>>> print(open('coords-v2.cif').read())   # mmCIF, C-alpha atoms
data_coords
loop_
_atom_site.group_PDB
_atom_site.id
_atom_site.type_symbol
_atom_site.label_atom_id
_atom_site.label_comp_id
_atom_site.auth_asym_id
_atom_site.auth_seq_id
_atom_site.Cartn_x
_atom_site.Cartn_y
_atom_site.Cartn_z
ATOM 1 C CA MET A 1 -23.867 168.145 55.956
ATOM 2 C CA SER A 2 -25.152 170.535 58.583
ATOM 3 C CA GLN A 3 -23.905 174.063 57.988
ATOM 4 C CA PHE A 4 -22.342 174.029 61.467
ATOM 5 C CA SER A 5 -20.319 170.812 61.139
ATOM 6 C CA THR A 6 -16.538 171.000 61.208
ATOM 7 C CA SER A 7 -14.041 169.071 59.124
ATOM 8 C CA ASN A 8 -13.345 166.767 62.070
ATOM 9 C CA GLU A 9 -17.016 165.740 62.185
ATOM 10 C CA LYS A 10 -17.756 164.997 58.535
ATOM 11 C CA ALA A 11 -17.343 161.209 58.498
ATOM 12 C CA LEU A 12 -19.206 160.636 61.760
ATOM 13 C CA HIS A 13 -21.973 163.042 60.768
ATOM 14 C CA ALA A 14 -22.514 161.323 57.417
ATOM 15 C CA GLU A 15 -22.496 157.839 58.973
ATOM 16 C CA LEU A 16 -25.013 158.852 61.616
ATOM 17 C CA LYS A 17 -27.298 160.298 58.945
ATOM 18 C CA SER A 18 -27.165 157.010 57.063
ATOM 19 C CA TRP A 19 -27.809 155.001 60.240
ATOM 20 C CA TYR A 20 -30.686 157.180 61.435
ATOM 21 C CA ALA A 21 -32.627 157.587 58.207
ATOM 22 C CA ASP A 22 -35.502 155.340 57.138
ATOM 23 C CA ALA A 23 -36.422 154.348 53.601
ATOM 24 C CA GLY A 24 -38.014 157.281 51.821
ATOM 25 C CA ASP A 25 -36.439 159.974 54.011
ATOM 26 C CA GLN A 26 -34.923 162.965 52.234
ATOM 27 C CA PHE A 27 -31.456 164.394 52.872
ATOM 28 C CA GLU A 28 -30.302 168.011 52.825
ATOM 29 C CA GLN A 29 -33.655 169.473 51.890
ATOM 30 C CA LYS A 30 -34.305 173.174 52.328
ATOM 31 C CA VAL A 31 -37.100 174.084 54.728
ATOM 32 C CA GLY A 32 -37.659 177.816 54.855
ATOM 33 C CA ARG A 33 -34.167 179.306 54.863
ATOM 34 C CA TYR A 34 -32.474 176.267 56.425
ATOM 35 C CA PHE A 35 -31.074 173.049 55.002
ATOM 36 C CA ILE A 36 -32.162 170.022 57.061
ATOM 37 C CA ASP A 37 -30.061 166.892 57.552
ATOM 38 C CA ILE A 38 -32.998 164.466 57.338
ATOM 39 C CA VAL A 39 -36.598 165.291 56.430
ATOM 40 C CA GLN A 40 -38.987 162.604 57.628
ATOM 41 C CA PRO A 41 -42.768 162.547 57.122
ATOM 42 C CA HIS A 42 -43.420 163.411 60.772
ATOM 43 C CA GLN A 43 -40.354 165.446 61.774
ATOM 44 C CA LEU A 44 -37.182 167.265 60.784
ATOM 45 C CA VAL A 45 -33.948 165.717 62.077
ATOM 46 C CA GLU A 46 -30.719 167.607 62.736
ATOM 47 C CA ILE A 47 -27.568 165.719 63.743
ATOM 48 C CA GLN A 48 -24.976 167.682 65.681
ATOM 49 C CA THR A 49 -21.861 166.003 67.033
ATOM 50 C CA ARG A 50 -20.728 168.994 69.083
ATOM 51 C CA ASN A 51 -21.424 172.669 69.803
ATOM 52 C CA LEU A 52 -25.166 172.344 70.341
ATOM 53 C CA GLY A 53 -25.417 176.043 71.066
ATOM 54 C CA ALA A 54 -24.611 176.810 67.428
ATOM 55 C CA LEU A 55 -28.038 175.432 66.476
ATOM 56 C CA ARG A 56 -30.033 177.485 68.980
ATOM 57 C CA SER A 57 -31.490 179.976 66.489
ATOM 58 C CA LYS A 58 -32.045 177.399 63.741
ATOM 59 C CA LEU A 59 -33.856 174.922 65.978
ATOM 60 C CA THR A 60 -35.948 177.579 67.693
ATOM 61 C CA GLN A 61 -37.131 179.008 64.379
ATOM 62 C CA LEU A 62 -37.878 175.617 62.824
ATOM 63 C CA ALA A 63 -39.814 174.415 65.883
ATOM 64 C CA LYS A 64 -42.311 177.264 65.460
ATOM 65 C CA LYS A 65 -43.821 175.435 62.485
ATOM 66 C CA HIS A 66 -42.385 171.896 62.546
ATOM 67 C CA THR A 67 -41.682 168.970 64.851
ATOM 68 C CA VAL A 68 -37.892 168.896 65.231
ATOM 69 C CA ARG A 69 -35.557 166.246 66.621
ATOM 70 C CA LEU A 70 -31.937 167.088 67.515
ATOM 71 C CA VAL A 71 -29.669 164.018 67.550
ATOM 72 C CA HIS A 72 -26.400 164.119 69.493
ATOM 73 C CA PRO A 73 -23.866 161.256 69.784
ATOM 74 C CA ILE A 74 -21.722 160.525 72.841
ATOM 75 C CA ALA A 75 -18.802 158.108 72.620
ATOM 76 C CA GLN A 76 -19.419 155.385 75.177
ATOM 77 C CA GLU A 77 -16.355 153.600 73.827
ATOM 78 C CA LYS A 78 -13.580 155.084 71.718
ATOM 79 C CA TRP A 79 -10.686 153.611 69.766
ATOM 80 C CA ILE A 80 -7.737 155.869 68.928
ATOM 81 C CA VAL A 81 -6.259 155.278 65.468
ATOM 82 C CA LYS A 82 -2.964 156.987 64.613
ATOM 83 C CA LEU A 83 -2.127 157.304 60.947
ATOM 84 C CA PRO A 84 1.464 156.556 59.808
ATOM 85 C CA THR A 85 3.785 159.558 60.069
ATOM 86 C CA ASP A 86 5.897 158.429 57.103
ATOM 87 C CA ALA A 87 6.162 155.608 54.593
ATOM 88 C CA GLY A 88 7.971 153.327 57.044
ATOM 89 C CA ASP A 89 5.409 153.566 59.843
ATOM 90 C CA HIS A 90 2.348 151.456 60.520
ATOM 91 C CA GLU A 91 -1.087 152.554 61.607
ATOM 92 C CA SER A 92 -1.685 152.006 65.338
ATOM 93 C CA ARG A 93 -4.959 151.400 67.156
ATOM 94 C CA ARG A 94 -5.684 151.397 70.889
ATOM 95 C CA LYS A 95 -8.744 151.602 73.097
ATOM 96 C CA SER A 96 -9.196 154.826 75.059
ATOM 97 C CA PRO A 97 -9.686 154.324 78.813
ATOM 98 C CA LYS A 98 -12.364 157.040 78.819
ATOM 99 C CA ARG A 99 -16.007 155.973 78.684
ATOM 100 C CA GLY A 100 -18.847 158.357 78.019
ATOM 101 C CA GLY A 101 -22.383 158.228 79.383
ATOM 102 C CA LEU A 102 -25.687 160.034 79.080
ATOM 103 C CA VAL A 103 -24.707 162.630 81.690
ATOM 104 C CA ASP A 104 -21.875 163.820 79.437
ATOM 105 C CA LEU A 105 -24.670 165.472 77.478
ATOM 106 C CA PHE A 106 -24.570 168.371 79.937
ATOM 107 C CA GLY A 107 -21.078 169.371 78.809
ATOM 108 C CA GLU A 108 -22.692 170.352 75.491
ATOM 109 C CA LEU A 109 -26.153 171.308 76.729
ATOM 110 C CA VAL A 110 -24.626 174.043 78.899
ATOM 111 C CA ALA A 111 -24.623 176.233 75.751
ATOM 112 C CA PHE A 112 -28.385 175.714 75.246
ATOM 113 C CA PRO A 113 -29.808 174.678 78.653
ATOM 114 C CA THR A 114 -33.388 175.770 77.926
ATOM 115 C CA MET A 115 -33.615 173.701 74.734
ATOM 116 C CA LEU A 116 -36.424 171.475 75.934
ATOM 117 C CA HIS A 117 -38.584 174.426 76.931
ATOM 118 C CA THR A 118 -39.101 174.841 73.182
ATOM 119 C CA GLU A 119 -42.394 173.337 72.034
ATOM 120 C CA ASN A 120 -42.048 170.766 69.218
ATOM 121 C CA LEU A 121 -38.336 170.234 69.915
ATOM 122 C CA SER A 122 -36.919 166.990 71.324
ATOM 123 C CA LEU A 123 -33.397 165.725 71.931
ATOM 124 C CA GLU A 124 -32.148 162.225 71.175
ATOM 125 C CA VAL A 125 -28.806 161.053 72.573
ATOM 126 C CA LEU A 126 -27.009 158.165 70.903
ATOM 127 C CA LEU A 127 -24.370 156.287 72.886
ATOM 128 C CA ILE A 128 -21.915 155.013 70.307
ATOM 129 C CA ARG A 129 -18.678 153.152 69.752
ATOM 130 C CA GLU A 130 -16.377 155.206 67.567
ATOM 131 C CA GLU A 131 -12.901 155.488 66.114
ATOM 132 C CA GLU A 132 -11.038 158.765 66.435
ATOM 133 C CA VAL A 133 -8.467 158.955 63.657
ATOM 134 C CA ARG A 134 -5.475 161.174 64.358
ATOM 135 C CA ARG A 135 -2.750 162.475 62.087
ATOM 136 C CA HIS A 136 0.586 163.940 63.124
ATOM 137 C CA GLU A 137 1.232 167.650 62.662
ATOM 138 C CA PRO A 138 4.401 168.554 64.607
ATOM 139 C CA ASN A 139 3.577 172.258 64.991
ATOM 140 C CA ARG A 140 0.075 171.728 66.401
ATOM 141 C CA ALA A 141 -1.572 170.285 69.515
ATOM 142 C CA TRP A 142 1.505 170.320 71.742
ATOM 143 C CA ARG A 143 -0.394 168.630 74.569
ATOM 144 C CA ARG A 144 -0.939 165.654 72.254
ATOM 145 C CA ARG A 145 2.613 165.878 70.967
ATOM 146 C CA GLY A 146 1.434 166.999 67.555
ATOM 147 C CA TRP A 147 -1.417 164.516 67.107
ATOM 148 C CA VAL A 148 -4.625 166.172 65.879
ATOM 149 C CA THR A 149 -8.045 164.688 65.150
ATOM 150 C CA HIS A 150 -8.410 163.893 61.465
ATOM 151 C CA GLU A 151 -11.919 162.404 61.592
ATOM 152 C CA ARG A 152 -14.304 160.386 63.713
ATOM 153 C CA ARG A 153 -15.888 157.169 62.467
ATOM 154 C CA LEU A 154 -18.995 155.368 63.673
ATOM 155 C CA LEU A 155 -18.515 151.735 64.689
ATOM 156 C CA GLU A 156 -21.853 151.009 66.387
ATOM 157 C CA VAL A 157 -24.840 152.663 68.046
ATOM 158 C CA VAL A 158 -25.128 151.046 71.485
ATOM 159 C CA GLU A 159 -28.092 152.859 73.029
ATOM 160 C CA ARG A 160 -30.513 155.651 72.250
ATOM 161 C CA ARG A 161 -32.510 157.858 74.622
ATOM 162 C CA VAL A 162 -35.039 160.560 73.795
ATOM 163 C CA PHE A 163 -35.679 163.604 76.002
ATOM 164 C CA HIS A 164 -38.906 165.522 75.391
ATOM 165 C CA THR A 165 -39.148 167.761 78.466
ATOM 166 C CA PRO A 166 -36.859 169.347 81.066
ATOM 167 C CA ALA A 167 -38.206 166.808 83.569
ATOM 168 C CA ASP A 168 -36.778 164.037 81.372
ATOM 169 C CA LEU A 169 -33.308 165.535 81.869
ATOM 170 C CA ALA A 170 -33.762 165.459 85.645
ATOM 171 C CA THR A 171 -34.090 161.656 85.505
ATOM 172 C CA LEU A 172 -30.318 161.556 84.934
ATOM 173 C CA LEU A 173 -29.706 162.668 88.518
ATOM 174 C CA PRO A 174 -28.280 159.703 90.493
ATOM 175 C CA SER A 175 -30.884 157.975 92.651
ATOM 176 C CA GLU A 176 -28.468 157.779 95.585
ATOM 177 C CA LEU A 177 -28.226 161.558 95.944
ATOM 178 C CA ASN A 178 -29.586 163.057 99.156
ATOM 179 C CA ALA A 179 -32.535 165.425 98.831
ATOM 180 C CA GLU A 180 -30.110 168.309 99.382
ATOM 181 C CA PHE A 181 -26.690 168.177 97.743
ATOM 182 C CA THR A 182 -23.667 170.173 96.614
ATOM 183 C CA SER A 183 -21.830 169.983 93.297
ATOM 184 C CA ALA A 184 -19.157 167.897 95.036
ATOM 185 C CA ASP A 185 -21.836 165.445 96.225
ATOM 186 C CA LEU A 186 -23.186 165.178 92.693
ATOM 187 C CA ALA A 187 -19.707 164.637 91.217
ATOM 188 C CA ARG A 188 -19.082 161.749 93.638
ATOM 189 C CA ALA A 189 -22.450 160.156 92.874
ATOM 190 C CA LEU A 190 -21.848 160.443 89.131
ATOM 191 C CA GLY A 191 -18.227 159.325 89.292
ATOM 192 C CA LYS A 192 -17.441 162.297 87.062
ATOM 193 C CA PRO A 193 -15.324 165.462 87.360
ATOM 194 C CA ARG A 194 -16.777 168.287 89.411
ATOM 195 C CA ARG A 195 -16.856 170.531 86.332
ATOM 196 C CA LEU A 196 -19.407 168.235 84.680
ATOM 197 C CA ALA A 197 -21.460 168.154 87.892
ATOM 198 C CA GLN A 198 -21.494 171.955 87.898
ATOM 199 C CA GLN A 199 -22.580 171.997 84.246
ATOM 200 C CA MET A 200 -25.361 169.541 85.021
ATOM 201 C CA ILE A 201 -26.562 171.672 87.926
ATOM 202 C CA TYR A 202 -26.502 174.811 85.777
ATOM 203 C CA CYS A 203 -28.511 173.141 82.997
ATOM 204 C CA LEU A 204 -31.093 171.707 85.367
ATOM 205 C CA ARG A 205 -31.443 175.050 87.170
ATOM 206 C CA GLU A 206 -31.983 176.870 83.875
ATOM 207 C CA ALA A 207 -34.463 174.166 82.888
ATOM 208 C CA GLY A 208 -36.400 174.764 86.115
ATOM 209 C CA GLN A 209 -35.613 171.352 87.624
ATOM 210 C CA LEU A 210 -33.222 172.379 90.414
ATOM 211 C CA ALA A 211 -33.239 175.215 92.907
ATOM 212 C CA GLU A 212 -30.504 176.692 95.093
ATOM 213 C CA ILE A 213 -31.766 176.397 98.670
ATOM 214 C CA GLY A 214 -28.863 177.567 100.820
ATOM 215 C CA LYS A 215 -25.300 176.684 101.705
ATOM 216 C CA LYS A 216 -23.326 173.943 103.355
ATOM 217 C CA GLY A 217 -20.211 175.733 104.566
ATOM 218 C CA ARG A 218 -19.043 177.633 101.507
ATOM 219 C CA ALA A 219 -20.693 175.271 99.049
ATOM 220 C CA LYS A 220 -24.114 175.967 97.538
ATOM 221 C CA LEU A 221 -26.898 173.511 98.310
ATOM 222 C CA TYR A 222 -29.379 172.353 95.696
ATOM 223 C CA ALA A 223 -32.607 170.398 95.663
ATOM 224 C CA CYS A 224 -35.158 169.336 93.079
ATOM 225 C CA ALA A 225 -37.448 172.278 92.311
ATOM 226 C CA SER A 226 -40.573 170.162 92.737
#
>>> encode(input="coords-v2.cif", output="structure tokens")
Amino acid sequence: MSQFSTSNEKALHAELKSWYADAGDQFEQKVGRYFIDIVQPHQLVEIQTRNLGALRSKLTQLAKKHTVRLVHPIAQEKWIVKLPTDAGDHESRRKSPKRGGLVDLFGELVAFPTMLHTENLSLEVLLIREEEVRRHEPNRAWRRRGWVTHERRLLEVVERRVFHTPADLATLLPSELNAEFTSADLARALGKPRRLAQQMIYCLREAGQLAEIGKKGRAKLYACAS
């Protein structure tokens, strides 16, 4: 497992490693001072299910001498599984109404927005179907009424997309956006919360793909840097 993975990510992380690897690939090999999830003949592969910023130093150092691929999954479809709370209960399973998409990447990328400025480093996003298994702990997670995430399980990889350059990230901007737009305009075009639109704008600005060009009322106006 990656040294940055948490207990909630272990099952999903291991399943993604198994899915991603080809015959002959090596697991958990040490390269320099770092252990690598998958060592392939042409690249090093790190799988990180969350907290991309935690890998900033590791990826930057490795990319100085190696071709590195960071793989990040996003749940396009999620099933919630609740484990029995006692011997008389039954496990329950329901489909979450939330659906993830490629743009949800920016909620994680905000911690490392200049990632793709790093030579030899690419980012691959996997849209997946997953199960989130929850167990009941009455004194925790009061907003979920005591239900905490026990583990995440991979059901299927639905789509994969590789980003090599900052310009590749800019292709996720909705085509129906006007040339000049606010974060509220972007949120409407995405059909996503304004917070995610703001994170996307921040990442694309830091990546050199967007520029602030003025204001519309009190709201900042943005346009593609090119």
>>> resolve_selection(input="coords-v2.cif", expression="the PyMOL selection byres ((chain A and resi 24-36) around 10)", output="list in words")
Met1, Ser2, Gln3, Lys17, Ser18, Tyr20, Ala21, Asp22, Ala23, Asp37, Ile38, Val39, Gln40, Pro41, Leu44, Val45, Glu46, Ile47, Lys58, Leu59, Gln61, Leu62 and His66 of chain A
>>> axis_aligned_box(input="coords-v2.cif", around="region 166-169 of chain A", padding_each_side="6 Å", output="JSON")
{"center_x": -35.8, "center_y": 166.7, "center_z": 82.3, "size_x": 16.9, "size_y": 17.3, "size_z": 14.5}
>>> resolve_selection(input="coords-v2.cif", expression="the PyMOL selection byres ((chain A and resi 170-174) around 8)", output="PDB file with C-alpha atoms, in the coordinates of the input")
ATOM      1  CA  LEU A 102     -25.687 160.034  79.080  1.00  0.00           C
ATOM      2  CA  VAL A 103     -24.707 162.630  81.690  1.00  0.00           C
ATOM      3  CA  PRO A 166     -36.859 169.347  81.066  1.00  0.00           C
ATOM      4  CA  ALA A 167     -38.206 166.808  83.569  1.00  0.00           C
ATOM      5  CA  ASP A 168     -36.778 164.037  81.372  1.00  0.00           C
ATOM      6  CA  LEU A 169     -33.308 165.535  81.869  1.00  0.00           C
ATOM      7  CA  SER A 175     -30.884 157.975  92.651  1.00  0.00           C
ATOM      8  CA  GLU A 176     -28.468 157.779  95.585  1.00  0.00           C
ATOM      9  CA  LEU A 177     -28.226 161.558  95.944  1.00  0.00           C
ATOM     10  CA  LEU A 186     -23.186 165.178  92.693  1.00  0.00           C
ATOM     11  CA  ALA A 189     -22.450 160.156  92.874  1.00  0.00           C
ATOM     12  CA  LEU A 190     -21.848 160.443  89.131  1.00  0.00           C
ATOM     13  CA  LEU A 204     -31.093 171.707  85.367  1.00  0.00           C
ATOM     14  CA  GLN A 209     -35.613 171.352  87.624  1.00  0.00           C
TER      15      GLN A 209
END
>>> closest_residue(input="coords-v2.cif", among="A:Arg194, A:Ala179, A:Arg99, A:Gln199", to="Ile213 (chain A)", atoms="only C-alpha atoms")
A:Ala179
>>> residues_around(input="coords-v2.cif", residues="region 217-224 of chain A", least_positions_apart="3", cutoff="7 Å", atoms="only C-alpha atoms", output="list in words")
Ala179, Glu180, Phe181, Thr182, Gln209, Leu210, Ala211, Glu212, Ile213 and Gly214 of chain A
>>> atom_distance(input="coords-v2.cif", atom1="CA of Arg135 (chain A)", atom2="CA of Leu155 (chain A)")
19.3 Å
>>> resolve_selection(input="coords-v2.cif", expression="the PyMOL selection byres ((chain A and resi 12) around 9)", output="PyMOL selection string")
chain A and resi 8-11+13-17+49+130+151-154
>>> atom_distance(input="coords-v2.cif", atom1="CA of Pro84 (chain A)", atom2="CA of Gln48 (chain A)")
29.3 Å
>>> closest_residue(input="coords-v2.cif", among="A:Glu206, A:Glu159, A:Asp86, A:Glu137", to="Val125 (chain A)", atoms="all atoms listed in the file")
A:Glu159
>>> closest_residue(input="coords-v2.cif", among="A:Leu83, A:Gly146, A:Arg188, A:Ala225", to="Glu132 (chain A)", atoms="only C-alpha atoms")
A:Leu83
>>> closest_residue(input="coords-v2.cif", among="A:Cys203, A:Gly208, A:Pro193, A:Thr60", to="Pro113 (chain A)", atoms="only C-alpha atoms")
A:Cys203
>>> atom_distance(input="coords-v2.cif", atom1="CA of Lys64 (chain A)", atom2="CA of Leu121 (chain A)")
9.2 Å
>>> residues_around(input="coords-v2.cif", residues="Ala54 (chain A)", least_positions_apart="2", cutoff="9 Å", atoms="all atoms listed in the file", output="PyMOL selection string")
chain A and resi 4+50-52+56-58+111-112
>>> write_last_selection(input="coords-v2.cif", atoms="C-alpha atoms", output="PDB file, keeping the file's coordinate frame")
ATOM      1  CA  PHE A   4     -22.342 174.029  61.467  1.00  0.00           C
ATOM      2  CA  ARG A  50     -20.728 168.994  69.083  1.00  0.00           C
ATOM      3  CA  ASN A  51     -21.424 172.669  69.803  1.00  0.00           C
ATOM      4  CA  LEU A  52     -25.166 172.344  70.341  1.00  0.00           C
ATOM      5  CA  ARG A  56     -30.033 177.485  68.980  1.00  0.00           C
ATOM      6  CA  SER A  57     -31.490 179.976  66.489  1.00  0.00           C
ATOM      7  CA  LYS A  58     -32.045 177.399  63.741  1.00  0.00           C
ATOM      8  CA  ALA A 111     -24.623 176.233  75.751  1.00  0.00           C
ATOM      9  CA  PHE A 112     -28.385 175.714  75.246  1.00  0.00           C
TER      10      PHE A 112
END
>>> residues_around(input="coords-v2.cif", residues="Val81 (chain A)", least_positions_apart="5", cutoff="8 Å", atoms="only C-alpha atoms", output="PyMOL selection string")
chain A and resi 91-94+131-134
>>> write_last_selection(input="coords-v2.cif", atoms="C-alpha atoms", output="PDB file, in the coordinates of the input")
ATOM      1  CA  GLU A  91      -1.087 152.554  61.607  1.00  0.00           C
ATOM      2  CA  SER A  92      -1.685 152.006  65.338  1.00  0.00           C
ATOM      3  CA  ARG A  93      -4.959 151.400  67.156  1.00  0.00           C
ATOM      4  CA  ARG A  94      -5.684 151.397  70.889  1.00  0.00           C
ATOM      5  CA  GLU A 131     -12.901 155.488  66.114  1.00  0.00           C
ATOM      6  CA  GLU A 132     -11.038 158.765  66.435  1.00  0.00           C
ATOM      7  CA  VAL A 133      -8.467 158.955  63.657  1.00  0.00           C
ATOM      8  CA  ARG A 134      -5.475 161.174  64.358  1.00  0.00           C
TER       9      ARG A 134
END
>>> closest_residue(input="coords-v2.cif", among="A:Asn178, A:Asn139, A:Thr67, A:Gln76", to="Glu156 (chain A)", atoms="all atoms listed in the file")
A:Gln76
>>> closest_residue(input="coords-v2.cif", among="A:Ala197, A:Ala187, A:Leu116, A:Leu127", to="His164 (chain A)", atoms="all atoms listed in the file")
A:Leu116
>>> residues_around(input="coords-v2.cif", residues="Gly101 (chain A)", least_positions_apart="3", cutoff="12 Å", atoms="only C-alpha atoms", output="list in words")
Pro73, Ile74, Ala75, Gln76, Glu77, Lys98, Asp104, Leu105, Phe106, Gly107, Val125, Leu126, Leu127, Ile128, Arg129, Val158, Glu159, Arg160, Arg161, Leu172, Leu190, Gly191, Lys192 and Leu196 of chain A
>>> decode(input="coords-v2.cif", residues="region 206-220 of chain A", atoms="N, CA, C and O atoms", output="short mmCIF file (atom, residue, chain, number, x, y, z; two decimals), in the first residue's frame")
data_model
loop_
_atom_site.label_atom_id
_atom_site.label_comp_id
_atom_site.auth_asym_id
_atom_site.auth_seq_id
_atom_site.Cartn_x
_atom_site.Cartn_y
_atom_site.Cartn_z
N GLU A 206 -3.89 28.59 -11.35
CA GLU A 206 -2.54 28.21 -10.93
C GLU A 206 -1.82 27.44 -12.02
O GLU A 206 -0.59 27.49 -12.12
N ALA A 207 -2.58 26.74 -12.85
CA ALA A 207 -1.99 25.98 -13.96
C ALA A 207 -1.74 26.85 -15.19
O ALA A 207 -1.27 26.36 -16.22
N GLY A 208 -2.10 28.14 -15.10
CA GLY A 208 -1.85 29.06 -16.19
C GLY A 208 -2.87 29.01 -17.31
O GLY A 208 -2.62 29.52 -18.41
N GLN A 209 -4.04 28.41 -17.05
CA GLN A 209 -5.05 28.25 -18.09
C GLN A 209 -6.18 29.27 -18.02
O GLN A 209 -6.92 29.44 -18.99
N LEU A 210 -6.35 29.92 -16.89
CA LEU A 210 -7.36 30.96 -16.73
C LEU A 210 -6.71 32.23 -16.20
O LEU A 210 -5.70 32.18 -15.50
N ALA A 211 -7.34 33.35 -16.51
CA ALA A 211 -6.87 34.64 -16.00
C ALA A 211 -8.06 35.44 -15.49
O ALA A 211 -9.16 35.37 -16.05
N GLU A 212 -7.84 36.18 -14.41
CA GLU A 212 -8.87 37.10 -13.91
C GLU A 212 -8.78 38.37 -14.75
O GLU A 212 -7.71 38.98 -14.87
N ILE A 213 -9.91 38.79 -15.34
CA ILE A 213 -9.87 39.91 -16.28
C ILE A 213 -10.68 41.11 -15.84
O ILE A 213 -10.73 42.12 -16.54
N GLY A 214 -11.33 41.03 -14.68
CA GLY A 214 -12.14 42.15 -14.23
C GLY A 214 -13.24 41.69 -13.31
O GLY A 214 -13.14 40.64 -12.67
N LYS A 215 -14.32 42.48 -13.27
CA LYS A 215 -15.44 42.14 -12.41
C LYS A 215 -16.77 42.35 -13.12
O LYS A 215 -16.89 43.17 -14.03
N LYS A 216 -17.75 41.59 -12.67
CA LYS A 216 -19.12 41.75 -13.10
C LYS A 216 -19.93 41.98 -11.82
O LYS A 216 -20.24 41.04 -11.11
N GLY A 217 -20.19 43.27 -11.51
CA GLY A 217 -20.74 43.59 -10.20
C GLY A 217 -19.66 43.34 -9.16
O GLY A 217 -18.54 43.82 -9.28
N ARG A 218 -19.98 42.50 -8.19
CA ARG A 218 -18.99 42.14 -7.17
C ARG A 218 -18.24 40.84 -7.49
O ARG A 218 -17.30 40.48 -6.80
N ALA A 219 -18.69 40.17 -8.53
CA ALA A 219 -18.11 38.88 -8.86
C ALA A 219 -16.91 39.04 -9.81
O ALA A 219 -16.93 39.88 -10.71
N LYS A 220 -15.89 38.24 -9.60
CA LYS A 220 -14.71 38.27 -10.46
C LYS A 220 -15.02 37.60 -11.80
O LYS A 220 -15.71 36.59 -11.86
#
